[in-house]
file protein.cif (mmCIF, C-alpha atoms and all ligand atoms)
data_entry
loop_
_atom_site.label_atom_id
_atom_site.label_comp_id
_atom_site.auth_asym_id
_atom_site.auth_seq_id
_atom_site.Cartn_x
_atom_site.Cartn_y
_atom_site.Cartn_z
CA MET A 1352 -5.69 -2.30 10.93
CA ILE A 1353 -3.64 0.90 11.03
CA ARG A 1354 -3.58 3.18 14.03
CA PHE A 1355 -1.39 6.25 14.40
CA GLU A 1356 -1.30 8.13 17.68
CA GLN A 1357 0.37 11.54 17.68
CA VAL A 1358 3.04 10.38 15.31
CA SER A 1359 5.84 12.73 14.28
CA LYS A 1360 8.71 12.13 11.93
CA ILE A 1361 11.77 14.33 11.73
CA TYR A 1362 14.46 13.12 9.30
CA SER A 1363 18.05 13.12 10.45
CA GLY A 1364 18.72 16.33 8.52
CA GLY A 1365 16.10 18.08 10.66
CA GLN A 1366 13.38 17.98 7.98
CA LYS A 1367 9.94 17.71 9.61
CA ALA A 1368 7.87 15.30 7.51
CA LEU A 1369 4.98 14.44 9.89
CA THR A 1370 3.70 16.32 12.93
CA ASP A 1371 1.28 14.86 15.49
CA VAL A 1372 -0.55 12.60 13.04
CA SER A 1373 -3.40 10.50 14.46
CA PHE A 1374 -5.81 8.36 12.45
CA HIS A 1375 -7.35 4.91 12.32
CA LEU A 1376 -8.00 2.70 9.31
CA ARG A 1377 -10.38 -0.04 10.35
CA LYS A 1378 -10.06 -3.67 9.37
CA GLY A 1379 -11.66 -4.10 5.95
CA GLU A 1380 -11.71 -0.36 5.24
CA MET A 1381 -10.47 1.24 2.01
CA ALA A 1382 -9.33 4.88 2.10
CA PHE A 1383 -7.33 7.44 0.17
CA LEU A 1384 -4.37 9.36 1.52
CA THR A 1385 -3.88 12.65 -0.24
CA GLY A 1386 -1.99 15.92 -0.04
CA HIS A 1387 0.40 17.98 -2.13
CA SER A 1388 3.85 16.80 -3.05
CA GLY A 1389 5.97 16.96 0.12
CA ALA A 1390 2.93 16.71 2.45
CA GLY A 1391 4.25 13.49 3.98
CA LYS A 1392 2.33 10.71 2.18
CA SER A 1393 5.35 8.57 1.35
CA THR A 1394 6.79 9.08 4.82
CA LEU A 1395 3.54 7.85 6.37
CA LEU A 1396 3.65 4.70 4.21
CA LYS A 1397 7.32 4.18 5.09
CA LEU A 1398 6.47 4.25 8.81
CA ILE A 1399 3.87 1.52 8.24
CA THR A 1400 6.39 -0.74 6.49
CA VAL A 1401 9.18 0.26 8.90
CA ILE A 1402 11.41 1.59 6.15
CA GLU A 1403 11.51 4.64 8.42
CA ARG A 1404 10.79 4.90 12.12
CA ALA A 1405 8.63 7.43 13.95
CA SER A 1406 10.47 10.11 15.94
CA ALA A 1407 7.54 10.31 18.38
CA GLY A 1408 4.13 8.73 18.88
CA ARG A 1409 2.88 5.19 18.40
CA VAL A 1410 1.91 3.04 15.42
CA TRP A 1411 -0.12 -0.19 15.45
CA ILE A 1412 -0.38 -2.37 12.35
CA ASN A 1413 -2.78 -5.30 12.37
CA GLY A 1414 -2.56 -5.42 16.16
CA HIS A 1415 1.25 -5.13 16.36
CA ASP A 1416 2.73 -2.19 18.23
CA ILE A 1417 5.54 -1.34 15.81
CA ALA A 1418 7.03 1.72 17.52
CA GLY A 1419 9.81 -0.33 19.03
CA ILE A 1420 9.67 -3.42 16.79
CA ASP A 1421 13.09 -5.06 16.49
CA ARG A 1422 14.75 -5.67 13.12
CA GLY A 1423 14.20 -9.41 13.29
CA HIS A 1424 10.41 -9.01 13.35
CA VAL A 1425 10.18 -6.55 10.46
CA PRO A 1426 10.08 -9.26 7.72
CA PHE A 1427 7.16 -10.95 9.52
CA LEU A 1428 5.29 -7.65 9.65
CA ARG A 1429 5.96 -6.99 5.96
CA ARG A 1430 4.41 -10.35 5.02
CA GLU A 1431 1.11 -8.97 6.24
CA ILE A 1432 1.41 -5.97 3.90
CA GLY A 1433 1.26 -5.82 0.11
CA MET A 1434 2.99 -2.74 -1.31
CA ILE A 1435 2.31 -1.24 -4.74
CA PHE A 1436 4.52 1.49 -6.21
CA GLN A 1437 4.01 4.05 -8.96
CA ASN A 1438 6.87 2.66 -11.05
CA HIS A 1439 6.03 -0.90 -9.93
CA HIS A 1440 9.70 -1.92 -9.32
CA LEU A 1441 9.49 -4.94 -11.63
CA LEU A 1442 12.51 -6.99 -12.61
CA MET A 1443 12.62 -6.42 -16.36
CA ASP A 1444 14.99 -9.32 -17.06
CA ARG A 1445 12.59 -11.84 -15.49
CA SER A 1446 9.27 -13.26 -16.63
CA VAL A 1447 5.93 -12.11 -15.28
CA PHE A 1448 5.74 -15.42 -13.41
CA ASP A 1449 9.12 -14.89 -11.70
CA ASN A 1450 8.19 -11.35 -10.69
CA VAL A 1451 4.91 -12.38 -9.09
CA ALA A 1452 6.44 -15.52 -7.51
CA LEU A 1453 9.26 -13.59 -5.82
CA PRO A 1454 7.61 -13.04 -2.40
CA LEU A 1455 6.65 -16.74 -2.25
CA VAL A 1456 10.13 -17.91 -3.27
CA ILE A 1457 11.59 -15.78 -0.47
CA GLU A 1458 9.19 -17.44 1.96
CA GLY A 1459 10.12 -20.93 0.76
CA PHE A 1460 6.78 -22.12 -0.62
CA SER A 1461 6.78 -25.36 -2.67
CA HIS A 1462 6.87 -25.19 -6.48
CA GLY A 1463 3.33 -26.51 -6.73
CA GLU A 1464 1.95 -23.98 -4.28
CA ILE A 1465 3.83 -21.16 -6.02
CA ARG A 1466 2.42 -22.13 -9.44
CA LYS A 1467 -1.10 -22.26 -8.03
CA ARG A 1468 -0.91 -18.95 -6.21
CA VAL A 1469 0.79 -17.07 -9.05
CA ALA A 1470 -1.85 -18.31 -11.50
CA ALA A 1471 -4.64 -17.24 -9.12
CA SER A 1472 -3.08 -13.77 -8.63
CA LEU A 1473 -2.59 -13.20 -12.35
CA ASP A 1474 -6.16 -14.33 -12.93
CA MET A 1475 -7.42 -11.79 -10.39
CA VAL A 1476 -5.63 -8.89 -12.08
CA GLY A 1477 -6.71 -9.99 -15.57
CA LEU A 1478 -3.33 -11.25 -16.76
CA PHE A 1479 -4.04 -14.97 -16.93
CA GLY A 1480 -1.86 -16.60 -19.60
CA LYS A 1481 0.87 -13.92 -19.50
CA GLU A 1482 3.16 -15.87 -17.15
CA ARG A 1483 5.90 -16.37 -19.72
CA HIS A 1484 5.89 -12.79 -20.99
CA ASN A 1485 8.60 -10.38 -20.08
CA PRO A 1486 7.24 -7.22 -18.41
CA ILE A 1487 8.94 -5.13 -21.12
CA MET A 1488 6.48 -6.61 -23.62
CA LEU A 1489 3.48 -5.37 -21.61
CA SER A 1490 1.71 -2.01 -21.64
CA GLY A 1491 2.03 0.42 -18.69
CA GLY A 1492 -1.35 -0.64 -17.33
CA GLU A 1493 -0.42 -4.32 -17.60
CA GLN A 1494 2.92 -3.72 -15.87
CA GLN A 1495 1.08 -2.05 -13.01
CA ARG A 1496 -1.15 -5.14 -12.80
CA VAL A 1497 1.91 -7.37 -12.51
CA GLY A 1498 3.03 -5.22 -9.57
CA ILE A 1499 -0.41 -5.63 -8.03
CA ALA A 1500 -0.39 -9.41 -8.57
CA ARG A 1501 2.96 -9.55 -6.78
CA ALA A 1502 1.58 -7.48 -3.89
CA ILE A 1503 -1.43 -9.76 -3.37
CA VAL A 1504 0.19 -13.14 -4.00
CA ASN A 1505 0.92 -13.45 -0.27
CA LYS A 1506 -2.73 -12.76 0.62
CA PRO A 1507 -1.80 -9.74 2.78
CA ALA A 1508 -4.26 -8.27 5.29
CA LEU A 1509 -3.30 -4.76 4.20
CA LEU A 1510 -2.59 -3.30 0.77
CA LEU A 1511 -0.64 -0.03 0.53
CA ALA A 1512 -0.31 1.81 -2.75
CA ASP A 1513 1.93 4.82 -3.40
CA GLU A 1514 0.64 6.78 -6.43
CA PRO A 1515 -0.45 3.54 -8.16
CA THR A 1516 -2.03 5.41 -11.08
CA GLY A 1517 0.67 8.07 -11.48
CA ASN A 1518 1.67 6.94 -14.96
CA LEU A 1519 -1.75 5.86 -16.24
CA ASP A 1520 -4.51 7.64 -18.17
CA PRO A 1521 -7.91 8.20 -16.44
CA LYS A 1522 -9.55 5.09 -17.90
CA LEU A 1523 -6.70 2.76 -16.85
CA SER A 1524 -6.52 4.51 -13.45
CA MET A 1525 -10.18 3.79 -12.84
CA ASP A 1526 -9.65 0.13 -13.83
CA ILE A 1527 -6.84 -0.14 -11.27
CA LEU A 1528 -9.02 1.38 -8.55
CA ARG A 1529 -11.84 -1.03 -9.38
CA LEU A 1530 -9.30 -3.80 -8.93
CA PHE A 1531 -8.42 -2.49 -5.44
CA GLU A 1532 -12.14 -2.44 -4.78
CA THR A 1533 -12.45 -6.17 -5.52
CA PHE A 1534 -9.68 -6.95 -3.02
CA ASN A 1535 -11.38 -4.69 -0.49
CA ASP A 1536 -14.70 -6.48 -1.09
CA ALA A 1537 -12.86 -9.71 -0.24
CA GLY A 1538 -11.84 -8.25 3.15
CA THR A 1539 -8.43 -6.71 2.50
CA SER A 1540 -7.81 -3.28 4.05
CA VAL A 1541 -6.53 -0.79 1.46
CA LEU A 1542 -4.76 2.57 1.77
CA ILE A 1543 -4.02 4.42 -1.47
CA ALA A 1544 -1.74 7.46 -1.50
CA THR A 1545 -2.50 9.70 -4.47
CA HIS A 1546 -2.67 13.35 -5.45
CA ASP A 1547 -5.17 12.55 -8.21
CA LEU A 1548 -8.14 14.43 -6.75
CA GLY A 1549 -10.26 13.79 -9.84
CA LEU A 1550 -9.99 10.09 -9.26
CA ILE A 1551 -10.82 10.37 -5.55
CA ALA A 1552 -13.90 12.44 -6.32
CA ARG A 1553 -15.33 9.61 -8.41
CA MET A 1554 -15.08 7.10 -5.56
CA LYS A 1555 -17.06 6.90 -2.33
CA TYR A 1556 -14.18 6.25 0.06
CA ARG A 1557 -12.89 8.22 3.04
CA THR A 1558 -10.03 10.58 2.28
CA LEU A 1559 -7.25 11.31 4.74
CA THR A 1560 -5.55 14.58 3.87
CA LEU A 1561 -2.05 15.62 4.83
CA LYS A 1562 -0.95 19.24 4.68
CA GLN A 1563 2.64 20.06 5.49
CA GLY A 1564 2.90 16.94 7.61
CA ARG A 1565 -0.34 17.42 9.54
CA MET A 1566 -3.52 15.37 9.10
CA LEU A 1567 -6.51 17.56 8.30
CA GLY A 1568 -10.05 16.90 9.34
CA ALA A 1569 -9.65 13.33 10.57
CA GLN A 1570 -11.29 14.13 13.91
CA GLU A 1571 -14.19 15.98 12.33
CA LEU A 1572 -14.80 13.09 9.91
CA ALA A 1573 -14.67 10.48 12.66
CA THR A 1574 -17.26 12.32 14.74
CA GLY A 1575 -19.58 13.08 11.85
CA GLY A 1576 -18.51 16.60 10.95
CA GLU A 1577 -18.43 18.20 14.40
CA PRO A 1578 -15.01 19.68 15.13
CA ASN A 1579 -14.14 19.37 18.84
P1 LIG B 1 -9.03 -2.78 13.85
O1 LIG B 1 -8.08 -3.10 12.77
O2 LIG B 1 -9.93 -3.91 14.22
O3 LIG B 1 -9.78 -1.50 13.66
P2 LIG B 1 -6.78 -1.82 15.40
O4 LIG B 1 -5.78 -2.12 14.37
O5 LIG B 1 -7.05 -0.43 15.74
O6 LIG B 1 -8.15 -2.58 15.17
O7 LIG B 1 -6.36 -2.55 16.70
C1 LIG B 1 -6.03 -3.92 16.71
C2 LIG B 1 -5.38 -4.21 18.05
O8 LIG B 1 -4.24 -3.35 18.19
C3 LIG B 1 -6.25 -3.91 19.24
O9 LIG B 1 -7.08 -4.98 19.57
C4 LIG B 1 -5.21 -3.66 20.30
O10 LIG B 1 -4.67 -4.87 20.75
C5 LIG B 1 -4.11 -2.94 19.54
N1 LIG B 1 -4.31 -1.47 19.66
C6 LIG B 1 -4.73 -0.63 18.71
N2 LIG B 1 -4.79 0.63 19.16
C7 LIG B 1 -4.40 0.58 20.44
C8 LIG B 1 -4.25 1.55 21.46
N3 LIG B 1 -4.55 2.84 21.26
N4 LIG B 1 -3.80 1.15 22.64
C9 LIG B 1 -3.49 -0.14 22.86
N5 LIG B 1 -3.63 -1.12 21.94
C10 LIG B 1 -4.08 -0.77 20.75
P1 LIG B 2 4.92 13.15 -0.26
O1 LIG B 2 5.00 11.67 -0.40
O2 LIG B 2 3.59 13.63 0.22
O3 LIG B 2 5.38 13.89 -1.47
P2 LIG B 2 7.21 12.85 1.52
O4 LIG B 2 6.82 11.99 2.64
O5 LIG B 2 8.02 12.28 0.42
O6 LIG B 2 5.90 13.58 0.94
O7 LIG B 2 8.04 14.09 2.09
C1 LIG B 2 7.62 14.85 3.23
C2 LIG B 2 8.73 15.82 3.61
O8 LIG B 2 9.85 15.10 4.10
C3 LIG B 2 9.26 16.65 2.44
O9 LIG B 2 9.59 17.93 2.94
C4 LIG B 2 10.47 15.90 2.01
O10 LIG B 2 11.43 16.76 1.44
C5 LIG B 2 11.00 15.33 3.33
N1 LIG B 2 11.71 14.05 3.16
C6 LIG B 2 11.23 12.92 2.59
N2 LIG B 2 12.14 11.95 2.65
C7 LIG B 2 13.23 12.47 3.27
C8 LIG B 2 14.52 11.96 3.63
N3 LIG B 2 14.87 10.69 3.39
N4 LIG B 2 15.38 12.79 4.25
C9 LIG B 2 15.03 14.06 4.52
N5 LIG B 2 13.86 14.60 4.23
C10 LIG B 2 12.96 13.82 3.60
#

call {"tool": "encode", "arguments": {"input": "protein.cif", "output": "structure tokens"}}
result
Amino acid sequence: MIRFEQVSKIYSGGQKALTDVSFHLRKGEMAFLTGHSGAGKSTLLKLITVIERASAGRVWINGHDIAGIDRGHVPFLRREIGMIFQNHHLLMDRSVFDNVALPLVIEGFSHGEIRKRVAASLDMVGLFGKERHNPIMLSGGEQQRVGIARAIVNKPALLLADEPTGNLDPKLSMDILRLFETFNDAGTSVLIATHDLGLIARMKYRTLTLKQGRMLGAQELATGGEPN
């Protein structure tokens, strides 16, 4: 689903964000991406969604070689990816329904199809019946669920989350991770960037660790603990 081969990213100011990063997230796999602040987690996610481009190396997403992908194809790639942010980027002057419907409206789905899919998404995240609410009226955990409903409404093959539990207490964080688990059980690949090590420790998933832009231990993990 995601394959990085010796990927480096140097920002235009000369800041090295990623150095020689290689890893593979299989179709249907769920994994954590961790590392201290500044380790390169957000940069790695931005390369996947082509918000930034790699300075060197190659990236495949769901079978597409995106190293040299042209601008016109980027929207098609992004339709295959659901993105969840820490501060959920909701439109606070729109209803829950409008927020979740947005990706479908952009794609030109019919009203009937939009209603059906939005209802199904809200049902999946436990917000059925909240369509007409304004996100401002919802709790932090509920707002995060609206962001998740919006990310899955397109039925993406890959879910990416950038610190999805950053503003939530441990109980709500665990609920959100369980939610990701249900999508993963249904076949969606999931990559969750977080520095919440306590949370990671309570789950059984593989952890990819970045340190100052380098991926630690991926090789050893892939070959069952034997460093080459
Ligand atoms: P999966 O998601 O099944 O684990 P990948 O995302 O790694 O598979 O690969 C999907 C497709 O992307 C491959 O079938 C191939 O076409 C292409 N691909 C991935 N990695 C490479 C590679 N190193 N060289 C050439 N093609 C690749
Ligand atoms: P993380 O998400 O793990 O906190 P980032 O990917 O945001 O890490 O940052 C990795 C490194 O790249 C940091 O040193 C950061 O300062 C730098 N960086 C991030 N974005 C930019 C940018 N747009 N321009 C220049 N440097 C950047």

call {"tool": "atom_distance", "arguments": {"input": "protein.cif", "atom1": "atom CA of A:Phe1479", "atom2": "atom CA of A:Phe1448"}}
result
10.4 Å

call {"tool": "closest_atom_pairs", "arguments": {"input": "protein.cif", "of": "chain A", "to": "ligand LIG 1 (chain B)", "cutoff": "8 Å", "atoms": "only C-alpha atoms and all ligand atoms", "output": "CSV"}}
result
residue,atom,partner,partner_atom,distance
A:Met1352,CA,B:LIG1,O1,3.1
A:Ile1353,CA,B:LIG1,O4,5.0
A:Arg1354,CA,B:LIG1,O5,5.3
A:Glu1356,CA,B:LIG1,N3,7.2
A:His1375,CA,B:LIG1,O5,6.3
A:Leu1376,CA,B:LIG1,O3,6.3
A:Arg1377,CA,B:LIG1,O3,3.7
A:Lys1378,CA,B:LIG1,O1,4.0
A:Gly1379,CA,B:LIG1,O1,7.8
A:Trp1411,CA,B:LIG1,C6,5.7
A:Ile1412,CA,B:LIG1,O4,5.8
A:Asn1413,CA,B:LIG1,O4,4.8
A:Gly1414,CA,B:LIG1,O8,3.4
A:His1415,CA,B:LIG1,O8,6.1
A:Asp1416,CA,B:LIG1,C5,7.0

call {"tool": "write_last_selection", "arguments": {"input": "protein.cif", "atoms": "C-alpha atoms", "output": "PDB file, in the frame of the given file"}}
result
ATOM      1  CA  MET A1352      -5.690  -2.300  10.930  1.00  0.00           C
ATOM      2  CA  ILE A1353      -3.640   0.900  11.030  1.00  0.00           C
ATOM      3  CA  ARG A1354      -3.580   3.180  14.030  1.00  0.00           C
ATOM      4  CA  GLU A1356      -1.300   8.130  17.680  1.00  0.00           C
ATOM      5  CA  HIS A1375      -7.350   4.910  12.320  1.00  0.00           C
ATOM      6  CA  LEU A1376      -8.000   2.700   9.310  1.00  0.00           C
ATOM      7  CA  ARG A1377     -10.380  -0.040  10.350  1.00  0.00           C
ATOM      8  CA  LYS A1378     -10.060  -3.670   9.370  1.00  0.00           C
ATOM      9  CA  GLY A1379     -11.660  -4.100   5.950  1.00  0.00           C
ATOM     10  CA  TRP A1411      -0.120  -0.190  15.450  1.00  0.00           C
ATOM     11  CA  ILE A1412      -0.380  -2.370  12.350  1.00  0.00           C
ATOM     12  CA  ASN A1413      -2.780  -5.300  12.370  1.00  0.00           C
ATOM     13  CA  GLY A1414      -2.560  -5.420  16.160  1.00  0.00           C
ATOM     14  CA  HIS A1415       1.250  -5.130  16.360  1.00  0.00           C
ATOM     15  CA  ASP A1416       2.730  -2.190  18.230  1.00  0.00           C
TER      16      ASP A1416
END

call {"tool": "closest_atom_pairs", "arguments": {"input": "protein.cif", "of": "chain A", "to": "ligand LIG 2 (chain B)", "cutoff": "10 Å", "atoms": "only C-alpha atoms and all ligand atoms", "output": "JSON lines"}}
result
{"residue": "A:Lys1360", "atom": "CA", "partner": "B:LIG2", "partner_atom": "O8", "distance": 8.5}
{"residue": "A:Ile1361", "atom": "CA", "partner": "B:LIG2", "partner_atom": "N5", "distance": 7.8}
{"residue": "A:Tyr1362", "atom": "CA", "partner": "B:LIG2", "partner_atom": "C9", "distance": 4.9}
{"residue": "A:Ser1363", "atom": "CA", "partner": "B:LIG2", "partner_atom": "C9", "distance": 6.7}
{"residue": "A:Gly1364", "atom": "CA", "partner": "B:LIG2", "partner_atom": "C9", "distance": 5.9}
{"residue": "A:Gly1365", "atom": "CA", "partner": "B:LIG2", "partner_atom": "C9", "distance": 7.4}
{"residue": "A:Gln1366", "atom": "CA", "partner": "B:LIG2", "partner_atom": "N5", "distance": 5.1}
{"residue": "A:Lys1367", "atom": "CA", "partner": "B:LIG2", "partner_atom": "O8", "distance": 6.1}
{"residue": "A:Ala1368", "atom": "CA", "partner": "B:LIG2", "partner_atom": "O8", "distance": 3.9}
{"residue": "A:Leu1369", "atom": "CA", "partner": "B:LIG2", "partner_atom": "C1", "distance": 7.2}
{"residue": "A:Leu1384", "atom": "CA", "partner": "B:LIG2", "partner_atom": "O2", "distance": 9.1}
{"residue": "A:Thr1385", "atom": "CA", "partner": "B:LIG2", "partner_atom": "O2", "distance": 7.5}
{"residue": "A:Gly1386", "atom": "CA", "partner": "B:LIG2", "partner_atom": "O2", "distance": 6.0}
{"residue": "A:His1387", "atom": "CA", "partner": "B:LIG2", "partner_atom": "O2", "distance": 5.9}
{"residue": "A:Ser1388", "atom": "CA", "partner": "B:LIG2", "partner_atom": "O3", "distance": 3.6}
{"residue": "A:Gly1389", "atom": "CA", "partner": "B:LIG2", "partner_atom": "O6", "distance": 3.5}
{"residue": "A:Ala1390", "atom": "CA", "partner": "B:LIG2", "partner_atom": "O2", "distance": 3.9}
{"residue": "A:Gly1391", "atom": "CA", "partner": "B:LIG2", "partner_atom": "O4", "distance": 3.3}
{"residue": "A:Lys1392", "atom": "CA", "partner": "B:LIG2", "partner_atom": "O2", "distance": 3.7}
{"residue": "A:Ser1393", "atom": "CA", "partner": "B:LIG2", "partner_atom": "O1", "distance": 3.6}
{"residue": "A:Thr1394", "atom": "CA", "partner": "B:LIG2", "partner_atom": "O4", "distance": 3.6}
{"residue": "A:Leu1395", "atom": "CA", "partner": "B:LIG2", "partner_atom": "O4", "distance": 6.5}
{"residue": "A:Leu1396", "atom": "CA", "partner": "B:LIG2", "partner_atom": "O4", "distance": 8.1}
{"residue": "A:Lys1397", "atom": "CA", "partner": "B:LIG2", "partner_atom": "O4", "distance": 8.2}
{"residue": "A:Leu1398", "atom": "CA", "partner": "B:LIG2", "partner_atom": "O4", "distance": 9.9}
{"residue": "A:Glu1403", "atom": "CA", "partner": "B:LIG2", "partner_atom": "N3", "distance": 8.6}
{"residue": "A:Asp1513", "atom": "CA", "partner": "B:LIG2", "partner_atom": "O1", "distance": 8.1}
{"residue": "A:Glu1514", "atom": "CA", "partner": "B:LIG2", "partner_atom": "O1", "distance": 8.9}
{"residue": "A:Ala1544", "atom": "CA", "partner": "B:LIG2", "partner_atom": "O1", "distance": 8.0}
{"residue": "A:Thr1545", "atom": "CA", "partner": "B:LIG2", "partner_atom": "O2", "distance": 8.6}
{"residue": "A:His1546", "atom": "CA", "partner": "B:LIG2", "partner_atom": "O2", "distance": 8.5}
{"residue": "A:Thr1560", "atom": "CA", "partner": "B:LIG2", "partner_atom": "O2", "distance": 9.9}
{"residue": "A:Leu1561", "atom": "CA", "partner": "B:LIG2", "partner_atom": "O2", "distance": 7.6}
{"residue": "A:Lys1562", "atom": "CA", "partner": "B:LIG2", "partner_atom": "O2", "distance": 8.5}
{"residue": "A:Gln1563", "atom": "CA", "partner": "B:LIG2", "partner_atom": "C1", "distance": 7.6}
{"residue": "A:Gly1564", "atom": "CA", "partner": "B:LIG2", "partner_atom": "C1", "distance": 6.8}

call {"tool": "write_last_selection", "arguments": {"input": "protein.cif", "atoms": "C-alpha atoms", "output": "PDB file, in the frame of the given file"}}
result
ATOM      1  CA  LYS A1360       8.710  12.130  11.930  1.00  0.00           C
ATOM      2  CA  ILE A1361      11.770  14.330  11.730  1.00  0.00           C
ATOM      3  CA  TYR A1362      14.460  13.120   9.300  1.00  0.00           C
ATOM      4  CA  SER A1363      18.050  13.120  10.450  1.00  0.00           C
ATOM      5  CA  GLY A1364      18.720  16.330   8.520  1.00  0.00           C
ATOM      6  CA  GLY A1365      16.100  18.080  10.660  1.00  0.00           C
ATOM      7  CA  GLN A1366      13.380  17.980   7.980  1.00  0.00           C
ATOM      8  CA  LYS A1367       9.940  17.710   9.610  1.00  0.00           C
ATOM      9  CA  ALA A1368       7.870  15.300   7.510  1.00  0.00           C
ATOM     10  CA  LEU A1369       4.980  14.440   9.890  1.00  0.00           C
ATOM     11  CA  LEU A1384      -4.370   9.360   1.520  1.00  0.00           C
ATOM     12  CA  THR A1385      -3.880  12.650  -0.240  1.00  0.00           C
ATOM     13  CA  GLY A1386      -1.990  15.920  -0.040  1.00  0.00           C
ATOM     14  CA  HIS A1387       0.400  17.980  -2.130  1.00  0.00           C
ATOM     15  CA  SER A1388       3.850  16.800  -3.050  1.00  0.00           C
ATOM     16  CA  GLY A1389       5.970  16.960   0.120  1.00  0.00           C
ATOM     17  CA  ALA A1390       2.930  16.710   2.450  1.00  0.00           C
ATOM     18  CA  GLY A1391       4.250  13.490   3.980  1.00  0.00           C
ATOM     19  CA  LYS A1392       2.330  10.710   2.180  1.00  0.00           C
ATOM     20  CA  SER A1393       5.350   8.570   1.350  1.00  0.00           C
ATOM     21  CA  THR A1394       6.790   9.080   4.820  1.00  0.00           C
ATOM     22  CA  LEU A1395       3.540   7.850   6.370  1.00  0.00           C
ATOM     23  CA  LEU A1396       3.650   4.700   4.210  1.00  0.00           C
ATOM     24  CA  LYS A1397       7.320   4.180   5.090  1.00  0.00           C
ATOM     25  CA  LEU A1398       6.470   4.250   8.810  1.00  0.00           C
ATOM     26  CA  GLU A1403      11.510   4.640   8.420  1.00  0.00           C
ATOM     27  CA  ASP A1513       1.930   4.820  -3.400  1.00  0.00           C
ATOM     28  CA  GLU A1514       0.640   6.780  -6.430  1.00  0.00           C
ATOM     29  CA  ALA A1544      -1.740   7.460  -1.500  1.00  0.00           C
ATOM     30  CA  THR A1545      -2.500   9.700  -4.470  1.00  0.00           C
ATOM     31  CA  HIS A1546      -2.670  13.350  -5.450  1.00  0.00           C
ATOM     32  CA  THR A1560      -5.550  14.580   3.870  1.00  0.00           C
ATOM     33  CA  LEU A1561      -2.050  15.620   4.830  1.00  0.00           C
ATOM     34  CA  LYS A1562      -0.950  19.240   4.680  1.00  0.00           C
ATOM     35  CA  GLN A1563       2.640  20.060   5.490  1.00  0.00           C
ATOM     36  CA  GLY A1564       2.900  16.940   7.610  1.00  0.00           C
TER      37      GLY A1564
END

call {"tool": "residues_around", "arguments": {"input": "protein.cif", "residues": "stretch 1463-1473 of chain A", "least_positions_apart": "5", "cutoff": "7 Å", "atoms": "only C-alpha atoms", "output": "PDB file with C-alpha atoms, in the frame of the given file"}}
result
ATOM      1  CA  PHE A1448       5.740 -15.420 -13.410  1.00  0.00           C
ATOM      2  CA  VAL A1451       4.910 -12.380  -9.090  1.00  0.00           C
ATOM      3  CA  ALA A1452       6.440 -15.520  -7.510  1.00  0.00           C
ATOM      4  CA  LEU A1455       6.650 -16.740  -2.250  1.00  0.00           C
ATOM      5  CA  LEU A1478      -3.330 -11.250 -16.760  1.00  0.00           C
ATOM      6  CA  PHE A1479      -4.040 -14.970 -16.930  1.00  0.00           C
ATOM      7  CA  ALA A1500      -0.390  -9.410  -8.570  1.00  0.00           C
ATOM      8  CA  ILE A1503      -1.430  -9.760  -3.370  1.00  0.00           C
ATOM      9  CA  VAL A1504       0.190 -13.140  -4.000  1.00  0.00           C
TER      10      VAL A1504
END

call {"tool": "closest_residue", "arguments": {"input": "protein.cif", "among": "A:Ala1418, A:Lys1506, A:Asp1449, A:Leu1489", "to": "A:His1462", "atoms": "all atoms listed in the file"}}
result
A:Asp1449

call {"tool": "closest_residue", "arguments": {"input": "protein.cif", "among": "A:Phe1460, A:Phe1427, A:Phe1534, A:Phe1355", "to": "A:Phe1374", "atoms": "all atoms listed in the file"}}
result
A:Phe1355

call {"tool": "residues_near_point", "arguments": {"input": "protein.cif", "point": "(10.0, -4.9, -14.9)", "cutoff": "12 Å", "atoms": "only C-alpha atoms", "output": "PyMOL selection string"}}
result
chain A and resi 1438-1451+1484-1491+1493-1498+1501

call {"tool": "closest_residue", "arguments": {"input": "protein.cif", "among": "A:Ile1457, A:Lys1522, A:Leu1511, A:Gly1568", "to": "A:Ile1435", "atoms": "all atoms listed in the file"}}
result
A:Leu1511

call {"tool": "closest_residue", "arguments": {"input": "protein.cif", "among": "A:Leu1509, A:Val1358, A:Met1475, A:Leu1542", "to": "A:Leu1428", "atoms": "all atoms listed in the file"}}
result
A:Leu1509

call {"tool": "closest_residue", "arguments": {"input": "protein.cif", "among": "A:Leu1567, A:Ile1402, A:Met1381, A:Leu1550", "to": "A:Pro1521", "atoms": "only C-alpha atoms"}}
result
A:Leu1550

call {"tool": "closest_residue", "arguments": {"input": "protein.cif", "among": "A:Val1401, A:Ala1512, A:Ser1524, A:Asn1535", "to": "A:Asp1547", "atoms": "all atoms listed in the file"}}
result
A:Ser1524

call {"tool": "atom_distance", "arguments": {"input": "protein.cif", "atom1": "atom CA of A:Leu1510", "atom2": "atom CA of A:Ser1540"}}
result
6.2 Å

call {"tool": "atom_distance", "arguments": {"input": "protein.cif", "atom1": "atom CA of A:Arg1553", "atom2": "atom CA of A:Gly1538"}}
result
21.6 Å

call {"tool": "axis_aligned_box", "arguments": {"input": "protein.cif", "around": "stretch 1520-1526 of chain A", "padding_each_side": "5 Å", "output": "lines of an AutoDock Vina configuration file"}}
result
center_x = -7.3
center_y = 4.2
center_z = -15.5
size_x = 15.7
size_y = 18.1
size_z = 15.3
